[in-house]
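A.B. asks: My structure is stored as input-v7.pdb, with PDB, C-alpha atoms, pLDDT in the B column.
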```
ATOM      1  CA  MET S   1      62.191 116.739 145.296  1.00 76.00           C
ATOM      2  CA  GLN S   2      63.957 113.408 145.642  1.00 88.00           C
ATOM      3  CA  TYR S   3      62.080 110.470 147.152  1.00 95.00           C
ATOM      4  CA  ASN S   4      63.555 107.351 148.715  1.00 96.00           C
ATOM      5  CA  LYS S   5      62.680 103.668 148.649  1.00 97.00           C
ATOM      6  CA  GLY S   6      60.101 103.027 151.367  1.00 98.00           C
ATOM      7  CA  ASP S   7      58.646 106.561 151.337  1.00 98.00           C
ATOM      8  CA  ARG S   8      54.857 106.779 151.500  1.00 98.00           C
ATOM      9  CA  VAL S   9      53.648 109.262 148.877  1.00 98.00           C
ATOM     10  CA  GLU S  10      50.549 110.755 147.286  1.00 98.00           C
ATOM     11  CA  TYR S  11      50.723 110.660 143.486  1.00 98.00           C
ATOM     12  CA  GLN S  12      48.701 111.079 140.314  1.00 97.00           C
ATOM     13  CA  GLY S  13      48.155 107.679 138.719  1.00 94.00           C
ATOM     14  CA  GLN S  14      47.767 106.796 135.062  1.00 91.00           C
ATOM     15  CA  ASP S  15      44.008 107.257 135.539  1.00 93.00           C
ATOM     16  CA  ASN S  16      44.675 110.920 136.537  1.00 93.00           C
ATOM     17  CA  GLN S  17      43.307 110.246 140.034  1.00 96.00           C
ATOM     18  CA  LYS S  18      45.155 110.788 143.315  1.00 97.00           C
ATOM     19  CA  HIS S  19      46.522 107.640 144.923  1.00 98.00           C
ATOM     20  CA  MET S  20      48.625 106.813 147.959  1.00 98.00           C
ATOM     21  CA  GLY S  21      51.373 104.250 147.916  1.00 98.00           C
ATOM     22  CA  GLN S  22      54.893 103.228 148.846  1.00 98.00           C
ATOM     23  CA  VAL S  23      58.010 103.715 146.714  1.00 98.00           C
ATOM     24  CA  LYS S  24      59.401 100.275 145.826  1.00 98.00           C
ATOM     25  CA  ARG S  25      62.066 101.046 143.194  1.00 97.00           C
ATOM     26  CA  ILE S  26      63.855 104.097 141.807  1.00 97.00           C
ATOM     27  CA  GLN S  27      65.177 104.253 138.252  1.00 96.00           C
ATOM     28  CA  GLY S  28      67.203 106.929 136.479  1.00 93.00           C
ATOM     29  CA  GLN S  29      68.698 110.229 137.545  1.00 88.00           C
ATOM     30  CA  PRO S  30      67.025 113.613 138.068  1.00 82.00           C
ATOM     31  CA  PRO S  31      65.201 115.123 136.225  1.00 80.00           C
ATOM     32  CA  GLN S  32      64.279 111.848 134.465  1.00 88.00           C
ATOM     33  CA  THR S  33      63.791 109.790 137.639  1.00 94.00           C
ATOM     34  CA  LYS S  34      60.945 107.263 137.598  1.00 96.00           C
ATOM     35  CA  TYR S  35      59.528 105.596 140.687  1.00 97.00           C
ATOM     36  CA  THR S  36      57.775 102.255 140.971  1.00 98.00           C
ATOM     37  CA  ILE S  37      55.020 102.788 143.539  1.00 98.00           C
ATOM     38  CA  GLN S  38      52.797 100.115 145.060  1.00 98.00           C
ATOM     39  CA  ASP S  39      49.266 101.473 145.462  1.00 97.00           C
ATOM     40  CA  GLU S  40      47.907 101.056 149.012  1.00 97.00           C
ATOM     41  CA  THR S  41      44.377 100.296 147.878  1.00 94.00           C
ATOM     42  CA  SER S  42      44.863  97.980 144.901  1.00 95.00           C
ATOM     43  CA  ASP S  43      48.365  96.579 145.677  1.00 96.00           C
ATOM     44  CA  VAL S  44      49.209  97.214 141.991  1.00 96.00           C
ATOM     45  CA  GLU S  45      52.668  98.555 141.167  1.00 97.00           C
ATOM     46  CA  GLU S  46      52.779 101.535 138.829  1.00 97.00           C
ATOM     47  CA  GLN S  47      55.723 103.417 137.310  1.00 97.00           C
ATOM     48  CA  VAL S  48      55.390 107.138 138.021  1.00 96.00           C
ATOM     49  CA  GLU S  49      57.445 110.120 136.862  1.00 95.00           C
ATOM     50  CA  GLU S  50      58.777 112.345 139.634  1.00 94.00           C
ATOM     51  CA  GLN S  51      56.604 115.336 138.620  1.00 93.00           C
ATOM     52  CA  LYS S  52      53.455 113.221 139.146  1.00 96.00           C
ATOM     53  CA  ILE S  53      54.268 112.723 142.831  1.00 97.00           C
ATOM     54  CA  GLU S  54      52.365 115.325 144.840  1.00 96.00           C
ATOM     55  CA  ARG S  55      54.008 114.950 148.263  1.00 97.00           C
ATOM     56  CA  ARG S  56      55.550 112.684 150.850  1.00 97.00           C
ATOM     57  CA  LEU S  57      53.088 111.510 153.510  1.00 96.00           C
TER      58      LEU S  57
END
```
Spit out the file's structure as structure tokens when you get a sec.
C.D. replies:
Amino acid sequence: MQYNKGDRVEYQGQDNQKHMGQVKRIQGQPPQTKYTIQDETSDVEEQVEEQKIERRL
């Protein structure tokens, strides 16, 4: 599934926990797309592979 800048998503973070955040940047082309997501709770930006994104909220 392709996500867009500004989408609110649920994803698996580097700590293997579920997080919610907003897509800030998109890099690469499918299937190697990586998303920079700003976590809603911590305000930290994290780079996430597409397969680690659970769903759009």
A.B. asks: So which residues get picked by the PyMOL selection byres ((chain S and resi 38) around 8) here, written as a list of chain:residue names?
C.D. replies: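 Applied to this file, the PyMOL selection byres ((chain S and resi 38) around 8) returns S:Gly21, S:Gln22, S:Val23, S:Lys24, S:Thr36, S:Ile37, S:Asp39, S:Glu40, S:Asp43, S:Val44, S:Glu45, S:Glu46.
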A.B. asks: Select, from S:Pro31, S:Tyr3, S:Leu57, S:Val48, the residue with the minimum atom-to-atom distance to Asp15 in chain S, counting only C-alpha atoms.
C.D. replies: S:Val48
A.B. asks: Hey, what's within 12 Å of Gln17 in chain S if we count all atoms listed in the file and toss same-chain stuff fewer than 6 positions away? As a ChimeraX atom specification, please?
C.D. replies: /S:10-11,39,52-54
A.B. asks: Counting all atoms listed in the file, figure out which residue out of S:Arg25, S:Met1, S:His19, S:Gln32 gets nearest to Gln47 in chain S.
C.D. replies: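 The answer is S:Arg25, which sits nearest to Gln47 in chain S.
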A.B. asks: Quick one: of S:Gln27, S:Glu49, S:Arg55, S:Lys34, who's nearest to Gly13 in chain S, counting only C-alpha atoms?
C.D. replies: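 Ranked by minimum distance to Gly13 in chain S, first place goes to S:Glu49.
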A.B. asks: Could you please determine the separation between CA of Asn16 in chain S and CA of Pro30 in chain S in Å, to one decimal place?
C.D. replies: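 Computing the Euclidean distance for CA of Asn16 in chain S and CA of Pro30 in chain S yields 22.6 Å.
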A.B. asks: For CA of Ser42 in chain S and CA of Gln14 in chain S, quote the distance in Å rounded to one decimal.
C.D. replies: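 Interatomic distance, CA of Ser42 in chain S to CA of Gln14 in chain S: 13.5 Å.
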A.B. asks: Please report, as AutoDock Vina command-line options, the centre and edge lengths in Å to one decimal of an axis-aligned box covering all listed atoms of range 43-56 of chain S with 5 Å per side.
C.D. replies:
```
--center_x 53.6 --center_y 106.0 --center_z 143.9 --size_x 20.4 --size_y 28.8 --size_z 24.0
```
A.B. asks: Taking only N, CA and C atoms, show range 14-54 of chain S of the given structure as a PDB file, in the first residue's frame.
C.D. replies:
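What ended up in selection.pdb:
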```
ATOM      1  N   GLN S  14      11.281   1.196  15.783  1.00  0.00           N
ATOM      2  CA  GLN S  14      12.537   0.460  15.946  1.00  0.00           C
ATOM      3  C   GLN S  14      12.572  -0.319  17.254  1.00  0.00           C
ATOM      4  N   ASP S  15      11.727   0.077  18.212  1.00  0.00           N
ATOM      5  CA  ASP S  15      11.640  -0.641  19.489  1.00  0.00           C
ATOM      6  C   ASP S  15      10.650  -1.805  19.431  1.00  0.00           C
ATOM      7  N   ASN S  16      10.142  -2.111  18.219  1.00  0.00           N
ATOM      8  CA  ASN S  16       9.170  -3.184  17.977  1.00  0.00           C
ATOM      9  C   ASN S  16       7.838  -2.966  18.683  1.00  0.00           C
ATOM     10  N   GLN S  17       7.534  -1.733  19.041  1.00  0.00           N
ATOM     11  CA  GLN S  17       6.248  -1.374  19.634  1.00  0.00           C
ATOM     12  C   GLN S  17       5.412  -0.639  18.589  1.00  0.00           C
ATOM     13  N   LYS S  18       4.088  -0.660  18.772  1.00  0.00           N
ATOM     14  CA  LYS S  18       3.208   0.077  17.869  1.00  0.00           C
ATOM     15  C   LYS S  18       3.201   1.550  18.252  1.00  0.00           C
ATOM     16  N   HIS S  19       3.281   2.394  17.233  1.00  0.00           N
ATOM     17  CA  HIS S  19       3.266   3.838  17.408  1.00  0.00           C
ATOM     18  C   HIS S  19       2.285   4.436  16.412  1.00  0.00           C
ATOM     19  N   MET S  20       1.884   5.674  16.665  1.00  0.00           N
ATOM     20  CA  MET S  20       1.070   6.422  15.725  1.00  0.00           C
ATOM     21  C   MET S  20       1.823   7.692  15.380  1.00  0.00           C
ATOM     22  N   GLY S  21       1.735   8.084  14.117  1.00  0.00           N
ATOM     23  CA  GLY S  21       2.441   9.279  13.705  1.00  0.00           C
ATOM     24  C   GLY S  21       1.996   9.744  12.341  1.00  0.00           C
ATOM     25  N   GLN S  22       2.655  10.823  11.873  1.00  0.00           N
ATOM     26  CA  GLN S  22       2.313  11.433  10.600  1.00  0.00           C
ATOM     27  C   GLN S  22       3.495  11.319   9.641  1.00  0.00           C
ATOM     28  N   VAL S  23       3.193  10.938   8.384  1.00  0.00           N
ATOM     29  CA  VAL S  23       4.222  10.821   7.362  1.00  0.00           C
ATOM     30  C   VAL S  23       4.715  12.227   7.008  1.00  0.00           C
ATOM     31  N   LYS S  24       6.027  12.428   7.126  1.00  0.00           N
ATOM     32  CA  LYS S  24       6.640  13.724   6.833  1.00  0.00           C
ATOM     33  C   LYS S  24       7.380  13.730   5.501  1.00  0.00           C
ATOM     34  N   ARG S  25       8.071  12.622   5.178  1.00  0.00           N
ATOM     35  CA  ARG S  25       8.838  12.534   3.938  1.00  0.00           C
ATOM     36  C   ARG S  25       8.746  11.116   3.384  1.00  0.00           C
ATOM     37  N   ILE S  26       8.872  11.017   2.062  1.00  0.00           N
ATOM     38  CA  ILE S  26       8.848   9.725   1.381  1.00  0.00           C
ATOM     39  C   ILE S  26      10.103   9.639   0.526  1.00  0.00           C
ATOM     40  N   GLN S  27      10.813   8.507   0.644  1.00  0.00           N
ATOM     41  CA  GLN S  27      12.048   8.324  -0.106  1.00  0.00           C
ATOM     42  C   GLN S  27      12.029   6.986  -0.812  1.00  0.00           C
ATOM     43  N   GLY S  28      12.486   6.964  -2.068  1.00  0.00           N
ATOM     44  CA  GLY S  28      12.586   5.723  -2.817  1.00  0.00           C
ATOM     45  C   GLY S  28      11.313   5.372  -3.557  1.00  0.00           C
ATOM     46  N   GLN S  29      11.382   4.239  -4.226  1.00  0.00           N
ATOM     47  CA  GLN S  29      10.275   3.725  -5.037  1.00  0.00           C
ATOM     48  C   GLN S  29       9.886   2.350  -4.512  1.00  0.00           C
ATOM     49  N   PRO S  30       8.603   1.972  -4.669  1.00  0.00           N
ATOM     50  CA  PRO S  30       8.187   0.638  -4.239  1.00  0.00           C
ATOM     51  C   PRO S  30       9.039  -0.430  -4.914  1.00  0.00           C
ATOM     52  N   PRO S  31       9.390  -1.514  -4.303  1.00  0.00           N
ATOM     53  CA  PRO S  31       9.034  -1.930  -2.939  1.00  0.00           C
ATOM     54  C   PRO S  31      10.036  -1.447  -1.888  1.00  0.00           C
ATOM     55  N   GLN S  32      10.956  -0.582  -2.244  1.00  0.00           N
ATOM     56  CA  GLN S  32      11.994  -0.124  -1.314  1.00  0.00           C
ATOM     57  C   GLN S  32      11.662   1.228  -0.672  1.00  0.00           C
ATOM     58  N   THR S  33      10.422   1.642  -0.702  1.00  0.00           N
ATOM     59  CA  THR S  33      10.038   2.947  -0.177  1.00  0.00           C
ATOM     60  C   THR S  33      10.261   3.021   1.325  1.00  0.00           C
ATOM     61  N   LYS S  34      10.822   4.145   1.773  1.00  0.00           N
ATOM     62  CA  LYS S  34      10.996   4.408   3.205  1.00  0.00           C
ATOM     63  C   LYS S  34      10.280   5.709   3.531  1.00  0.00           C
ATOM     64  N   TYR S  35       9.667   5.736   4.695  1.00  0.00           N
ATOM     65  CA  TYR S  35       8.877   6.879   5.138  1.00  0.00           C
ATOM     66  C   TYR S  35       9.482   7.466   6.402  1.00  0.00           C
ATOM     67  N   THR S  36       9.579   8.780   6.454  1.00  0.00           N
ATOM     68  CA  THR S  36       9.983   9.452   7.681  1.00  0.00           C
ATOM     69  C   THR S  36       8.685   9.830   8.384  1.00  0.00           C
ATOM     70  N   ILE S  37       8.502   9.278   9.589  1.00  0.00           N
ATOM     71  CA  ILE S  37       7.257   9.469  10.335  1.00  0.00           C
ATOM     72  C   ILE S  37       7.568  10.172  11.644  1.00  0.00           C
ATOM     73  N   GLN S  38       6.774  11.200  11.950  1.00  0.00           N
ATOM     74  CA  GLN S  38       6.929  11.907  13.224  1.00  0.00           C
ATOM     75  C   GLN S  38       5.954  11.296  14.217  1.00  0.00           C
ATOM     76  N   ASP S  39       6.511  10.714  15.288  1.00  0.00           N
ATOM     77  CA  ASP S  39       5.717  10.057  16.319  1.00  0.00           C
ATOM     78  C   ASP S  39       4.850  11.083  17.048  1.00  0.00           C
ATOM     79  N   GLU S  40       3.567  10.759  17.237  1.00  0.00           N
ATOM     80  CA  GLU S  40       2.635  11.671  17.907  1.00  0.00           C
ATOM     81  C   GLU S  40       2.972  11.893  19.370  1.00  0.00           C
ATOM     82  N   THR S  41       3.480  10.877  20.023  1.00  0.00           N
ATOM     83  CA  THR S  41       3.736  10.956  21.457  1.00  0.00           C
ATOM     84  C   THR S  41       5.054  11.646  21.771  1.00  0.00           C
ATOM     85  N   SER S  42       6.121  11.240  21.089  1.00  0.00           N
ATOM     86  CA  SER S  42       7.458  11.737  21.423  1.00  0.00           C
ATOM     87  C   SER S  42       7.931  12.880  20.528  1.00  0.00           C
ATOM     88  N   ASP S  43       7.241  13.130  19.410  1.00  0.00           N
ATOM     89  CA  ASP S  43       7.634  14.145  18.423  1.00  0.00           C
ATOM     90  C   ASP S  43       8.951  13.805  17.715  1.00  0.00           C
ATOM     91  N   VAL S  44       9.465  12.593  17.906  1.00  0.00           N
ATOM     92  CA  VAL S  44      10.705  12.156  17.273  1.00  0.00           C
ATOM     93  C   VAL S  44      10.388  11.642  15.866  1.00  0.00           C
ATOM     94  N   GLU S  45      11.250  11.994  14.908  1.00  0.00           N
ATOM     95  CA  GLU S  45      11.090  11.478  13.553  1.00  0.00           C
ATOM     96  C   GLU S  45      11.877  10.185  13.406  1.00  0.00           C
ATOM     97  N   GLU S  46      11.261   9.214  12.749  1.00  0.00           N
ATOM     98  CA  GLU S  46      11.863   7.895  12.591  1.00  0.00           C
ATOM     99  C   GLU S  46      11.683   7.450  11.150  1.00  0.00           C
ATOM    100  N   GLN S  47      12.706   6.839  10.548  1.00  0.00           N
ATOM    101  CA  GLN S  47      12.592   6.314   9.201  1.00  0.00           C
ATOM    102  C   GLN S  47      12.075   4.880   9.271  1.00  0.00           C
ATOM    103  N   VAL S  48      10.991   4.622   8.534  1.00  0.00           N
ATOM    104  CA  VAL S  48      10.281   3.349   8.629  1.00  0.00           C
ATOM    105  C   VAL S  48      10.113   2.757   7.236  1.00  0.00           C
ATOM    106  N   GLU S  49      10.381   1.464   7.099  1.00  0.00           N
ATOM    107  CA  GLU S  49      10.137   0.766   5.842  1.00  0.00           C
ATOM    108  C   GLU S  49       8.636   0.555   5.673  1.00  0.00           C
ATOM    109  N   GLU S  50       8.203   0.512   4.418  1.00  0.00           N
ATOM    110  CA  GLU S  50       6.768   0.416   4.130  1.00  0.00           C
ATOM    111  C   GLU S  50       6.109  -0.789   4.804  1.00  0.00           C
ATOM    112  N   GLN S  51       6.797  -1.940   4.854  1.00  0.00           N
ATOM    113  CA  GLN S  51       6.192  -3.142   5.436  1.00  0.00           C
ATOM    114  C   GLN S  51       5.990  -3.034   6.948  1.00  0.00           C
ATOM    115  N   LYS S  52       6.611  -2.035   7.586  1.00  0.00           N
ATOM    116  CA  LYS S  52       6.438  -1.855   9.035  1.00  0.00           C
ATOM    117  C   LYS S  52       5.247  -0.954   9.352  1.00  0.00           C
ATOM    118  N   ILE S  53       4.620  -0.391   8.339  1.00  0.00           N
ATOM    119  CA  ILE S  53       3.425   0.420   8.548  1.00  0.00           C
ATOM    120  C   ILE S  53       2.230  -0.510   8.557  1.00  0.00           C
ATOM    121  N   GLU S  54       1.489  -0.478   9.662  1.00  0.00           N
ATOM    122  CA  GLU S  54       0.340  -1.385   9.834  1.00  0.00           C
ATOM    123  C   GLU S  54      -0.872  -0.927   9.025  1.00  0.00           C
TER     124      GLU S  54
END
```
